[in-house]
>>> print(open('structure_8.json').read())   # JSON, N, CA and C atoms
[["chain", "number", "residue", "atom", "x", "y", "z"],
["A", 1, "GLY", "N", 0.83, -1.18, 0.00],
["A", 1, "GLY", "CA", 0.00, 0.00, 0.00],
["A", 1, "GLY", "C", 0.87, 1.23, 0.00],
["A", 2, "LEU", "N", 0.57, 2.17, -0.91],
["A", 2, "LEU", "CA", 1.37, 3.38, -1.02],
["A", 2, "LEU", "C", 0.53, 4.64, -0.85],
["A", 3, "ASP", "N", 1.07, 5.56, -0.07],
["A", 3, "ASP", "CA", 0.49, 6.89, 0.09],
["A", 3, "ASP", "C", 1.65, 7.88, 0.06],
["A", 4, "THR", "N", 1.35, 9.13, -0.10],
["A", 4, "THR", "CA", 2.39, 10.14, -0.10],
["A", 4, "THR", "C", 2.00, 11.26, 0.84],
["A", 5, "GLY", "N", 2.99, 11.84, 1.49],
["A", 5, "GLY", "CA", 2.73, 12.93, 2.42],
["A", 5, "GLY", "C", 3.81, 13.02, 3.47],
["A", 6, "PRO", "N", 3.65, 13.91, 4.43],
["A", 6, "PRO", "CA", 4.68, 14.10, 5.46],
["A", 6, "PRO", "C", 4.72, 12.93, 6.44],
["A", 7, "VAL", "N", 5.93, 12.64, 6.91],
["A", 7, "VAL", "CA", 6.12, 11.60, 7.93],
["A", 7, "VAL", "C", 7.04, 12.15, 9.01],
["A", 8, "LEU", "N", 6.97, 11.55, 10.18],
["A", 8, "LEU", "CA", 7.86, 11.89, 11.29],
["A", 8, "LEU", "C", 8.87, 10.77, 11.45],
["A", 9, "TYR", "N", 10.12, 11.12, 11.67],
["A", 9, "TYR", "CA", 11.18, 10.14, 11.90],
["A", 9, "TYR", "C", 11.76, 10.37, 13.29],
["A", 10, "GLN", "N", 11.64, 9.34, 14.13],
["A", 10, "GLN", "CA", 12.15, 9.44, 15.50],
["A", 10, "GLN", "C", 12.76, 8.11, 15.91],
["A", 11, "GLN", "N", 13.97, 8.17, 16.41],
["A", 11, "GLN", "CA", 14.65, 7.00, 16.97],
["A", 11, "GLN", "C", 14.60, 5.79, 16.04],
["A", 12, "GLY", "N", 14.85, 6.03, 14.76],
["A", 12, "GLY", "CA", 14.95, 4.94, 13.80],
["A", 12, "GLY", "C", 13.64, 4.40, 13.28],
["A", 13, "ASP", "N", 12.53, 5.09, 13.52],
["A", 13, "ASP", "CA", 11.24, 4.62, 13.05],
["A", 13, "ASP", "C", 10.45, 5.78, 12.45],
["A", 14, "TYR", "N", 9.50, 5.44, 11.60],
["A", 14, "TYR", "CA", 8.66, 6.44, 10.93],
["A", 14, "TYR", "C", 7.25, 6.40, 11.52],
["A", 15, "PHE", "N", 6.65, 7.60, 11.65],
["A", 15, "PHE", "CA", 5.32, 7.73, 12.25],
["A", 15, "PHE", "C", 4.50, 8.74, 11.44],
["A", 16, "GLY", "N", 3.21, 8.77, 11.71],
["A", 16, "GLY", "CA", 2.35, 9.80, 11.15],
["A", 16, "GLY", "C", 1.20, 9.23, 10.34],
["A", 17, "GLN", "N", 0.33, 10.13, 9.93],
["A", 17, "GLN", "CA", -0.87, 9.74, 9.20],
["A", 17, "GLN", "C", -0.56, 9.06, 7.88],
["A", 18, "THR", "N", 0.48, 9.53, 7.20],
["A", 18, "THR", "CA", 0.85, 8.94, 5.91],
["A", 18, "THR", "C", 1.27, 7.48, 6.09],
["A", 19, "VAL", "N", 2.07, 7.23, 7.12],
["A", 19, "VAL", "CA", 2.52, 5.86, 7.40],
["A", 19, "VAL", "C", 1.34, 4.98, 7.78],
["A", 20, "ASN", "N", 0.45, 5.50, 8.63],
["A", 20, "ASN", "CA", -0.73, 4.76, 9.04],
["A", 20, "ASN", "C", -1.62, 4.43, 7.83],
["A", 21, "ALA", "N", -1.84, 5.41, 6.96],
["A", 21, "ALA", "CA", -2.67, 5.18, 5.78],
["A", 21, "ALA", "C", -2.05, 4.12, 4.88],
["A", 22, "ALA", "N", -0.74, 4.20, 4.66],
["A", 22, "ALA", "CA", -0.06, 3.21, 3.80],
["A", 22, "ALA", "C", -0.20, 1.80, 4.38],
["A", 23, "ALA", "N", -0.08, 1.67, 5.69],
["A", 23, "ALA", "CA", -0.23, 0.37, 6.33],
["A", 23, "ALA", "C", -1.66, -0.15, 6.17],
["A", 24, "ARG", "N", -2.64, 0.72, 6.34],
["A", 24, "ARG", "CA", -4.04, 0.30, 6.19],
["A", 24, "ARG", "C", -4.36, -0.07, 4.74],
["A", 25, "ILE", "N", -3.78, 0.67, 3.80],
["A", 25, "ILE", "CA", -3.97, 0.35, 2.38],
["A", 25, "ILE", "C", -3.37, -1.02, 2.09],
["A", 26, "ALA", "N", -2.18, -1.29, 2.64],
["A", 26, "ALA", "CA", -1.56, -2.60, 2.45],
["A", 26, "ALA", "C", -2.43, -3.71, 3.04],
["A", 27, "ASP", "N", -3.03, -3.45, 4.19],
["A", 27, "ASP", "CA", -3.94, -4.43, 4.81],
["A", 27, "ASP", "C", -5.16, -4.69, 3.92],
["A", 28, "TYR", "N", -5.62, -3.66, 3.23],
["A", 28, "TYR", "CA", -6.81, -3.76, 2.37],
["A", 28, "TYR", "C", -6.51, -4.56, 1.10],
["A", 29, "ALA", "N", -5.26, -4.51, 0.64],
["A", 29, "ALA", "CA", -4.88, -5.18, -0.61],
["A", 29, "ALA", "C", -4.90, -6.70, -0.45],
["A", 30, "ARG", "N", -5.18, -7.35, -1.56],
["A", 30, "ARG", "CA", -5.10, -8.80, -1.61],
["A", 30, "ARG", "C", -3.64, -9.21, -1.81],
["A", 31, "PRO", "N", -3.29, -10.49, -1.60],
["A", 31, "PRO", "CA", -1.91, -10.91, -1.82],
["A", 31, "PRO", "C", -1.44, -10.56, -3.23],
["A", 32, "ARG", "N", -0.23, -10.04, -3.32],
["A", 32, "ARG", "CA", 0.43, -9.67, -4.57],
["A", 32, "ARG", "C", -0.23, -8.50, -5.29],
["A", 33, "GLU", "N", -1.10, -7.78, -4.62],
["A", 33, "GLU", "CA", -1.77, -6.63, -5.20],
["A", 33, "GLU", "C", -1.15, -5.35, -4.64],
["A", 34, "VAL", "N", -0.94, -4.37, -5.50],
["A", 34, "VAL", "CA", -0.40, -3.08, -5.08],
["A", 34, "VAL", "C", -1.49, -2.03, -5.23],
["A", 35, "LEU", "N", -1.87, -1.42, -4.11],
["A", 35, "LEU", "CA", -2.88, -0.36, -4.12],
["A", 35, "LEU", "C", -2.21, 0.95, -3.75],
["A", 36, "VAL", "N", -2.64, 2.02, -4.41],
["A", 36, "VAL", "CA", -2.07, 3.35, -4.18],
["A", 36, "VAL", "C", -3.19, 4.36, -4.05],
["A", 37, "THR", "N", -2.88, 5.51, -3.44],
["A", 37, "THR", "CA", -3.84, 6.61, -3.38],
["A", 37, "THR", "C", -3.79, 7.39, -4.68],
["A", 38, "GLN", "N", -4.79, 8.24, -4.87],
["A", 38, "GLN", "CA", -4.81, 9.10, -6.06],
["A", 38, "GLN", "C", -3.58, 9.99, -6.11],
["A", 39, "ALA", "N", -3.10, 10.44, -4.95],
["A", 39, "ALA", "CA", -1.92, 11.31, -4.90],
["A", 39, "ALA", "C", -0.69, 10.59, -5.44],
["A", 40, "VAL", "N", -0.54, 9.32, -5.11],
["A", 40, "VAL", "CA", 0.60, 8.54, -5.62],
["A", 40, "VAL", "C", 0.48, 8.37, -7.13],
["A", 41, "ALA", "N", -0.71, 8.03, -7.60],
["A", 41, "ALA", "CA", -0.90, 7.87, -9.05],
["A", 41, "ALA", "C", -0.63, 9.17, -9.79],
["A", 42, "ALA", "N", -1.06, 10.29, -9.23],
["A", 42, "ALA", "CA", -0.85, 11.59, -9.87],
["A", 42, "ALA", "C", 0.63, 11.95, -9.92],
["A", 43, "ALA", "N", 1.40, 11.55, -8.90],
["A", 43, "ALA", "CA", 2.81, 11.88, -8.84],
["A", 43, "ALA", "C", 3.67, 10.93, -9.68],
["A", 44, "SER", "N", 3.08, 9.83, -10.14],
["A", 44, "SER", "CA", 3.81, 8.82, -10.90],
["A", 44, "SER", "C", 4.04, 9.29, -12.32],
["A", 45, "SER", "N", 5.19, 8.85, -12.88],
["A", 45, "SER", "CA", 5.46, 9.15, -14.29],
["A", 45, "SER", "C", 4.61, 8.26, -15.19],
["A", 46, "ARG", "N", 4.07, 7.20, -14.63],
["A", 46, "ARG", "CA", 3.21, 6.23, -15.31],
["A", 46, "ARG", "C", 3.94, 5.39, -16.35],
["A", 47, "ASP", "N", 5.23, 5.54, -16.50],
["A", 47, "ASP", "CA", 5.98, 4.69, -17.41],
["A", 47, "ASP", "C", 5.99, 3.27, -16.88],
["A", 48, "GLY", "N", 5.36, 2.38, -17.61],
["A", 48, "GLY", "CA", 5.32, 0.98, -17.21],
["A", 48, "GLY", "C", 4.29, 0.65, -16.16],
["A", 49, "ILE", "N", 3.42, 1.60, -15.81],
["A", 49, "ILE", "CA", 2.39, 1.34, -14.79],
["A", 49, "ILE", "C", 1.03, 1.77, -15.31],
["A", 50, "GLU", "N", 0.05, 0.90, -15.11],
["A", 50, "GLU", "CA", -1.35, 1.25, -15.38],
["A", 50, "GLU", "C", -2.05, 1.31, -14.04],
["A", 51, "PHE", "N", -2.98, 2.24, -13.90],
["A", 51, "PHE", "CA", -3.75, 2.35, -12.67],
["A", 51, "PHE", "C", -5.21, 2.05, -12.97],
["A", 52, "HIS", "N", -5.80, 1.17, -12.17],
["A", 52, "HIS", "CA", -7.19, 0.78, -12.33],
["A", 52, "HIS", "C", -7.96, 1.20, -11.08],
["A", 53, "ASP", "N", -9.03, 1.93, -11.28],
["A", 53, "ASP", "CA", -9.81, 2.53, -10.20],
["A", 53, "ASP", "C", -10.48, 1.47, -9.34],
["A", 54, "ILE", "N", -10.24, 1.53, -8.05],
["A", 54, "ILE", "CA", -10.91, 0.66, -7.08],
["A", 54, "ILE", "C", -12.10, 1.39, -6.47],
["A", 55, "GLY", "N", -11.94, 2.70, -6.28],
["A", 55, "GLY", "CA", -13.01, 3.51, -5.70],
["A", 55, "GLY", "C", -12.65, 3.97, -4.30],
["A", 56, "ALA", "N", -13.60, 4.64, -3.68],
["A", 56, "ALA", "CA", -13.40, 5.18, -2.33],
["A", 56, "ALA", "C", -13.70, 4.09, -1.30],
["A", 57, "VAL", "N", -12.81, 3.98, -0.32],
["A", 57, "VAL", "CA", -12.98, 2.98, 0.74],
["A", 57, "VAL", "C", -12.75, 3.65, 2.09],
["A", 58, "GLU", "N", -13.29, 3.04, 3.13],
["A", 58, "GLU", "CA", -13.03, 3.49, 4.49],
["A", 58, "GLU", "C", -11.96, 2.60, 5.08],
["A", 59, "LEU", "N", -10.96, 3.21, 5.69],
["A", 59, "LEU", "CA", -9.86, 2.48, 6.30],
["A", 59, "LEU", "C", -9.81, 2.79, 7.80],
["A", 60, "LYS", "N", -9.61, 1.78, 8.61],
["A", 60, "LYS", "CA", -9.54, 1.95, 10.06],
["A", 60, "LYS", "C", -8.46, 2.96, 10.42],
["A", 61, "GLY", "N", -8.81, 3.93, 11.27],
["A", 61, "GLY", "CA", -7.85, 4.90, 11.75],
["A", 61, "GLY", "C", -7.57, 6.04, 10.79],
["A", 62, "VAL", "N", -8.26, 6.06, 9.64],
["A", 62, "VAL", "CA", -8.06, 7.12, 8.64],
["A", 62, "VAL", "C", -9.39, 7.85, 8.51],
["A", 63, "SER", "N", -9.38, 9.17, 8.70],
["A", 63, "SER", "CA", -10.63, 9.92, 8.65],
["A", 63, "SER", "C", -11.13, 10.04, 7.21],
["A", 64, "GLY", "N", -12.43, 9.92, 7.05],
["A", 64, "GLY", "CA", -13.05, 10.03, 5.73],
["A", 64, "GLY", "C", -12.77, 8.80, 4.89],
["A", 65, "THR", "N", -13.02, 8.94, 3.60],
["A", 65, "THR", "CA", -12.75, 7.85, 2.67],
["A", 65, "THR", "C", -11.45, 8.14, 1.92],
["A", 66, "VAL", "N", -10.84, 7.07, 1.43],
["A", 66, "VAL", "CA", -9.61, 7.17, 0.65],
["A", 66, "VAL", "C", -9.87, 6.53, -0.71],
["A", 67, "HIS", "N", -9.59, 7.27, -1.77],
["A", 67, "HIS", "CA", -9.79, 6.75, -3.12],
["A", 67, "HIS", "C", -8.56, 5.94, -3.52],
["A", 68, "LEU", "N", -8.76, 4.67, -3.85],
["A", 68, "LEU", "CA", -7.65, 3.78, -4.16],
["A", 68, "LEU", "C", -7.64, 3.38, -5.63],
["A", 69, "LEU", "N", -6.45, 3.11, -6.11],
["A", 69, "LEU", "CA", -6.24, 2.59, -7.45],
["A", 69, "LEU", "C", -5.32, 1.39, -7.35],
["A", 70, "GLN", "N", -5.54, 0.42, -8.22],
["A", 70, "GLN", "CA", -4.67, -0.75, -8.29],
["A", 70, "GLN", "C", -3.59, -0.46, -9.32],
["A", 71, "ALA", "N", -2.33, -0.64, -8.94],
["A", 71, "ALA", "CA", -1.20, -0.43, -9.86],
["A", 71, "ALA", "C", -0.85, -1.76, -10.50],
["A", 72, "ARG", "N", -0.72, -1.74, -11.83],
["A", 72, "ARG", "CA", -0.33, -2.94, -12.58],
["A", 72, "ARG", "C", 0.80, -2.58, -13.52],
["A", 73, "SER", "N", 1.75, -3.48, -13.64],
["A", 73, "SER", "CA", 2.85, -3.22, -14.56],
["A", 73, "SER", "C", 2.40, -3.45, -15.99],
["A", 74, "THR", "N", 2.95, -2.66, -16.88],
["A", 74, "THR", "CA", 2.70, -2.84, -18.32],
["A", 74, "THR", "C", 4.04, -3.11, -18.98],
["A", 75, "PRO", "N", 4.03, -3.85, -20.07],
["A", 75, "PRO", "CA", 5.30, -4.14, -20.74],
["A", 75, "PRO", "C", 5.99, -2.87, -21.21],
["A", 76, "ILE", "N", 7.29, -2.81, -21.00],
["A", 76, "ILE", "CA", 8.11, -1.70, -21.50],
["A", 76, "ILE", "C", 8.94, -2.25, -22.65],
["A", 77, "GLN", "N", 8.86, -1.62, -23.78],
["A", 77, "GLN", "CA", 9.56, -2.11, -24.97],
["A", 77, "GLN", "C", 11.05, -2.27, -24.69],
["A", 78, "GLY", "N", 11.58, -3.45, -25.00],
["A", 78, "GLY", "CA", 13.00, -3.73, -24.83],
["A", 78, "GLY", "C", 13.38, -4.20, -23.44],
["A", 79, "LEU", "N", 12.42, -4.29, -22.53],
["A", 79, "LEU", "CA", 12.69, -4.72, -21.17],
["A", 79, "LEU", "C", 11.91, -6.00, -20.89],
["A", 80, "ALA", "N", 12.61, -7.04, -20.46],
["A", 80, "ALA", "CA", 11.93, -8.30, -20.17],
["A", 80, "ALA", "C", 11.01, -8.13, -18.97],
["A", 81, "PRO", "N", 9.83, -8.75, -19.00],
["A", 81, "PRO", "CA", 8.92, -8.63, -17.85],
["A", 81, "PRO", "C", 9.50, -9.25, -16.61],
["A", 82, "ILE", "N", 9.16, -8.70, -15.47],
["A", 82, "ILE", "CA", 9.59, -9.25, -14.19],
["A", 82, "ILE", "C", 8.78, -10.51, -13.92],
["A", 83, "GLN", "N", 9.47, -11.55, -13.53],
["A", 83, "GLN", "CA", 8.80, -12.80, -13.23],
["A", 83, "GLN", "C", 8.23, -12.75, -11.82],
["A", 84, "PRO", "N", 6.98, -13.20, -11.64],
["A", 84, "PRO", "CA", 6.39, -13.16, -10.30],
["A", 84, "PRO", "C", 7.13, -14.06, -9.34],
["A", 85, "ILE", "N", 7.15, -13.66, -8.07],
["A", 85, "ILE", "CA", 7.75, -14.47, -7.02],
["A", 85, "ILE", "C", 6.80, -15.60, -6.70],
["A", 86, "ASP", "N", 7.33, -16.78, -6.53],
["A", 86, "ASP", "CA", 6.50, -17.93, -6.19],
["A", 86, "ASP", "C", 5.87, -17.71, -4.81],
["A", 87, "ALA", "N", 4.55, -17.71, -4.77],
["A", 87, "ALA", "CA", 3.83, -17.44, -3.52],
["A", 87, "ALA", "C", 4.08, -18.52, -2.47],
["A", 88, "GLY", "N", 4.59, -19.68, -2.88],
["A", 88, "GLY", "CA", 4.83, -20.77, -1.95],
["A", 88, "GLY", "C", 6.12, -20.62, -1.16],
["A", 89, "ILE", "N", 6.91, -19.63, -1.46],
["A", 89, "ILE", "CA", 8.19, -19.47, -0.75],
["A", 89, "ILE", "C", 7.97, -18.82, 0.59]]
>>> encode(input="structure_8.json", output="structure tokens")
Amino acid sequence: GLDTGPVLYQQGDYFGQTVNAAARIADYARPREVLVTQAVAAASSRDGIEFHDIGAVELKGVSGTVHLLQARSTPIQGLAPIQPIDAGI
């Protein structure tokens, strides 16, 4: 799960609403699925990535709804596709 925004760094760890939202987005995702906020999709160069609209969802500990998109890789000419990691490992 990816979000963008300010974070706090203290004693070797990261804190804040952005970190909390990213963790909740990751919890919402299915195995091997990458979900991002609209802000992440907007900041992306989109080279090699397609975004598919999931819609607005409510996440525990996050005020209001968060609009999510699923990120999927697209073939890049001249670059071999990344092979998926075996889920059994």
>>> select_by_dssp(input="structure_8.json", residues="chain A", states="strand (DSSP E)", output="PyMOL selection string")
chain A and resi 8-10+13-15+34-37+49-58+65-73
>>> closest_residue(input="structure_8.json", among="A:Leu2, A:Gly55, A:Val36, A:Leu68", to="A:Ala22", atoms="only N, CA and C atoms")
A:Leu2
>>> select_by_dssp(input="structure_8.json", residues="chain A", states="alpha helix (DSSP H)", output="list in words")
Gln17, Thr18, Val19, Asn20, Ala21, Ala22, Ala23, Arg24, Ile25, Ala26, Asp27, Tyr28, Gln38, Ala39, Val40, Ala41, Ala42 and Ala43 of chain A
>>> residues_near_point(input="structure_8.json", point="(-0.2, 7.1, 1.6)", cutoff="7 Å", atoms="only C-alpha atoms", output="list in words")
Leu2, Asp3, Thr4, Gly5, Thr18, Val19, Ala21, Ala22 and Thr37 of chain A
>>> atom_distance(input="structure_8.json", atom1="atom CA of A:Pro31", atom2="atom N of A:Pro6")
26.2 Å
>>> axis_aligned_box(input="structure_8.json", around="stretch 40-55 of chain A", padding_each_side="6 Å", output="lines of an AutoDock Vina configuration file")
center_x = -3.5
center_y = 6.3
center_z = -11.0
size_x = 31.0
size_y = 23.3
size_z = 25.3
>>> atom_distance(input="structure_8.json", atom1="atom CA of A:Tyr9", atom2="atom N of A:Arg24")
17.6 Å
>>> residues_around(input="structure_8.json", residues="A:Asp53", least_positions_apart="3", cutoff="12 Å", atoms="only C-alpha atoms", output="list in words")
Leu35, Val36, Thr37, Gln38, Ala41, Glu50, Ala56, Val57, Val66, His67, Leu68, Leu69, Gln70, Ala71 and Arg72 of chain A
>>> atom_distance(input="structure_8.json", atom1="atom CA of A:Arg46", atom2="atom CA of A:Asn20")
24.7 Å
>>> build_atoms(input="structure_8.json", residues="stretch 38-49 of chain A", atoms="all heavy atoms", output="PDB file, in the coordinates of the input")
ATOM      1  N   GLN A  38      -4.790   8.240  -4.870  1.00  0.00           N
ATOM      2  CA  GLN A  38      -4.810   9.100  -6.060  1.00  0.00           C
ATOM      3  C   GLN A  38      -3.580   9.990  -6.110  1.00  0.00           C
ATOM      4  O   GLN A  38      -3.044  10.262  -7.179  1.00  0.00           O
ATOM      5  CB  GLN A  38      -6.072   9.971  -6.068  1.00  0.00           C
ATOM      6  CG  GLN A  38      -7.309   9.228  -6.480  1.00  0.00           C
ATOM      7  CD  GLN A  38      -8.518  10.139  -6.542  1.00  0.00           C
ATOM      8  OE1 GLN A  38      -8.761  10.926  -5.636  1.00  0.00           O
ATOM      9  NE2 GLN A  38      -9.275  10.018  -7.616  1.00  0.00           N
ATOM     10  N   ALA A  39      -3.100  10.440  -4.950  1.00  0.00           N
ATOM     11  CA  ALA A  39      -1.920  11.310  -4.900  1.00  0.00           C
ATOM     12  C   ALA A  39      -0.690  10.590  -5.440  1.00  0.00           C
ATOM     13  O   ALA A  39       0.128  11.177  -6.162  1.00  0.00           O
ATOM     14  CB  ALA A  39      -1.675  11.796  -3.478  1.00  0.00           C
ATOM     15  N   VAL A  40      -0.540   9.320  -5.110  1.00  0.00           N
ATOM     16  CA  VAL A  40       0.600   8.540  -5.620  1.00  0.00           C
ATOM     17  C   VAL A  40       0.480   8.370  -7.130  1.00  0.00           C
ATOM     18  O   VAL A  40       1.453   8.553  -7.864  1.00  0.00           O
ATOM     19  CB  VAL A  40       0.703   7.175  -4.913  1.00  0.00           C
ATOM     20  CG1 VAL A  40       1.721   6.278  -5.595  1.00  0.00           C
ATOM     21  CG2 VAL A  40       1.048   7.358  -3.447  1.00  0.00           C
ATOM     22  N   ALA A  41      -0.710   8.030  -7.600  1.00  0.00           N
ATOM     23  CA  ALA A  41      -0.900   7.870  -9.050  1.00  0.00           C
ATOM     24  C   ALA A  41      -0.630   9.170  -9.790  1.00  0.00           C
ATOM     25  O   ALA A  41       0.007   9.167 -10.844  1.00  0.00           O
ATOM     26  CB  ALA A  41      -2.327   7.372  -9.331  1.00  0.00           C
ATOM     27  N   ALA A  42      -1.060  10.290  -9.230  1.00  0.00           N
ATOM     28  CA  ALA A  42      -0.850  11.590  -9.870  1.00  0.00           C
ATOM     29  C   ALA A  42       0.630  11.950  -9.920  1.00  0.00           C
ATOM     30  O   ALA A  42       1.088  12.585 -10.875  1.00  0.00           O
ATOM     31  CB  ALA A  42      -1.639  12.665  -9.141  1.00  0.00           C
ATOM     32  N   ALA A  43       1.400  11.550  -8.900  1.00  0.00           N
ATOM     33  CA  ALA A  43       2.810  11.880  -8.840  1.00  0.00           C
ATOM     34  C   ALA A  43       3.670  10.930  -9.680  1.00  0.00           C
ATOM     35  O   ALA A  43       4.836  11.194  -9.928  1.00  0.00           O
ATOM     36  CB  ALA A  43       3.294  11.845  -7.394  1.00  0.00           C
ATOM     37  N   SER A  44       3.080   9.830 -10.140  1.00  0.00           N
ATOM     38  CA  SER A  44       3.810   8.820 -10.900  1.00  0.00           C
ATOM     39  C   SER A  44       4.040   9.290 -12.320  1.00  0.00           C
ATOM     40  O   SER A  44       3.217   9.959 -12.928  1.00  0.00           O
ATOM     41  CB  SER A  44       3.005   7.525 -10.903  1.00  0.00           C
ATOM     42  OG  SER A  44       3.530   6.622 -11.841  1.00  0.00           O
ATOM     43  N   SER A  45       5.190   8.850 -12.880  1.00  0.00           N
ATOM     44  CA  SER A  45       5.460   9.150 -14.290  1.00  0.00           C
ATOM     45  C   SER A  45       4.610   8.260 -15.190  1.00  0.00           C
ATOM     46  O   SER A  45       4.467   8.532 -16.368  1.00  0.00           O
ATOM     47  CB  SER A  45       6.938   8.916 -14.600  1.00  0.00           C
ATOM     48  OG  SER A  45       7.242   7.533 -14.512  1.00  0.00           O
ATOM     49  N   ARG A  46       4.070   7.200 -14.630  1.00  0.00           N
ATOM     50  CA  ARG A  46       3.210   6.230 -15.310  1.00  0.00           C
ATOM     51  C   ARG A  46       3.940   5.390 -16.350  1.00  0.00           C
ATOM     52  O   ARG A  46       3.321   4.599 -17.045  1.00  0.00           O
ATOM     53  CB  ARG A  46       1.985   6.900 -15.923  1.00  0.00           C
ATOM     54  CG  ARG A  46       1.094   7.548 -14.874  1.00  0.00           C
ATOM     55  CD  ARG A  46      -0.173   8.110 -15.505  1.00  0.00           C
ATOM     56  NE  ARG A  46      -0.923   8.847 -14.534  1.00  0.00           N
ATOM     57  CZ  ARG A  46      -1.956   8.358 -13.839  1.00  0.00           C
ATOM     58  NH1 ARG A  46      -2.327   7.144 -14.023  1.00  0.00           N
ATOM     59  NH2 ARG A  46      -2.585   9.110 -12.969  1.00  0.00           N
ATOM     60  N   ASP A  47       5.230   5.540 -16.500  1.00  0.00           N
ATOM     61  CA  ASP A  47       5.980   4.690 -17.410  1.00  0.00           C
ATOM     62  C   ASP A  47       5.990   3.270 -16.880  1.00  0.00           C
ATOM     63  O   ASP A  47       6.532   2.997 -15.817  1.00  0.00           O
ATOM     64  CB  ASP A  47       7.428   5.180 -17.568  1.00  0.00           C
ATOM     65  CG  ASP A  47       7.518   6.472 -18.356  1.00  0.00           C
ATOM     66  OD1 ASP A  47       6.554   6.791 -19.080  1.00  0.00           O
ATOM     67  OD2 ASP A  47       8.549   7.147 -18.256  1.00  0.00           O
ATOM     68  N   GLY A  48       5.360   2.380 -17.610  1.00  0.00           N
ATOM     69  CA  GLY A  48       5.320   0.980 -17.210  1.00  0.00           C
ATOM     70  C   GLY A  48       4.290   0.650 -16.160  1.00  0.00           C
ATOM     71  O   GLY A  48       4.280  -0.458 -15.633  1.00  0.00           O
ATOM     72  N   ILE A  49       3.420   1.600 -15.810  1.00  0.00           N
ATOM     73  CA  ILE A  49       2.390   1.340 -14.790  1.00  0.00           C
ATOM     74  C   ILE A  49       1.030   1.770 -15.310  1.00  0.00           C
ATOM     75  O   ILE A  49       0.881   2.841 -15.888  1.00  0.00           O
ATOM     76  CB  ILE A  49       2.689   2.119 -13.490  1.00  0.00           C
ATOM     77  CG1 ILE A  49       4.063   1.774 -12.948  1.00  0.00           C
ATOM     78  CG2 ILE A  49       1.624   1.836 -12.441  1.00  0.00           C
ATOM     79  CD1 ILE A  49       4.485   2.619 -11.776  1.00  0.00           C
TER      80      ILE A  49
END
